[in-house]
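Q: Below is a structure I'd like to ask you about.
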Amino acid sequence: MVVHNNPRAIANIIANDLLRELPNVNQNSDKVLEIEEINGRKISPRDLAELVKLTDDGVISKQIAQGIFVEMFKMGKSANEIVQVQGLKQNANYDELLEICQSAIEKN
């Protein structure tokens, strides 16, 4: 089952975010990260595709996706779970945003 088909964005996550996080994995150790330890991380290809889909669908921004990736890498949680628990979903509904802004202005 294909979750999302955007190989370029998935490759960018691997090339940028994953490689940025690898040195932080064993930051309190002199030990070099072994391939088996990378394979033991809890992010699957499906998880990466899910993260990219959330970004491509406008649910989260690319900047938020970077933070979510770090959480996924460290904790093994899914992107959807992190978005829901932390309330990271973007609101692109103009009318709702306008109402929130007007309410805030009226209260101040």
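Ligands are numbered from 1 in the order shown, chains are lettered A, B, ... in the order of the structure tokens, and residues start at 1 in each chain.
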Please identify all polymer residues within 7 Å of region 56-61 of chain A, counting only C-alpha atoms, omitting same-chain residues fewer than 5 positions from it, and present them as a list in words.

A: Leu88, Lys89 and Gln90 of chain A

Q: Got a sec: who's within 12 Å of Asn80 (chain A), counting only C-alpha atoms, leaving out chain neighbours fewer than 4 positions off, as a PyMOL selection string?

A: chain A and resi 46-55+59-60+65+68-69+71-72+76+84-89

Q: Could you take the residues named above and write them with C-alpha atoms, as a short mmCIF file (atom, residue, chain, number, x, y, z; two decimals), in the first residue's frame?

A:
data_model
loop_
_atom_site.label_atom_id
_atom_site.label_comp_id
_atom_site.auth_asym_id
_atom_site.auth_seq_id
_atom_site.Cartn_x
_atom_site.Cartn_y
_atom_site.Cartn_z
CA ARG A 46 5.90 4.33 5.55
CA ASP A 47 6.49 6.78 8.43
CA LEU A 48 8.64 9.01 6.22
CA ALA A 49 6.02 8.95 3.47
CA GLU A 50 3.34 9.86 6.02
CA LEU A 51 5.41 12.84 7.19
CA VAL A 52 5.91 14.07 3.62
CA LYS A 53 2.20 13.65 2.89
CA LEU A 54 1.30 15.82 5.88
CA THR A 55 3.60 18.53 4.51
CA VAL A 59 -1.40 19.97 7.29
CA ILE A 60 2.02 21.02 8.64
CA ALA A 65 8.03 18.62 9.73
CA ILE A 68 8.38 16.13 13.95
CA PHE A 69 11.09 14.09 12.26
CA GLU A 71 10.57 13.33 17.56
CA MET A 72 9.91 10.38 15.27
CA GLY A 76 9.46 6.10 17.45
CA GLN A 84 -2.34 15.35 17.14
CA VAL A 85 -0.71 15.21 20.58
CA GLN A 86 1.21 18.47 20.17
CA GLY A 87 -1.54 20.30 18.26
CA LEU A 88 0.70 21.14 15.32
CA LYS A 89 -1.92 21.11 12.57
#

Q: Looking at only C-alpha atoms, which of A:Gln66, A:Ser103, A:His4, A:Pro45 is the one that sits closest to Asn16 (chain A)?

A: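 Selected residue with least distance to Asn16 (chain A): A:Gln66.
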
Q: So which residues touch Val70 (chain A) within 9 Å, counting only C-alpha atoms, skipping near sequence neighbours fewer than 4 positions away, as a list in words?

A: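 Final neighbour list, sorted by chain and number: Asp17, Leu18, Glu21, Ala65, Gln66, Lys74 and Met75 of chain A.
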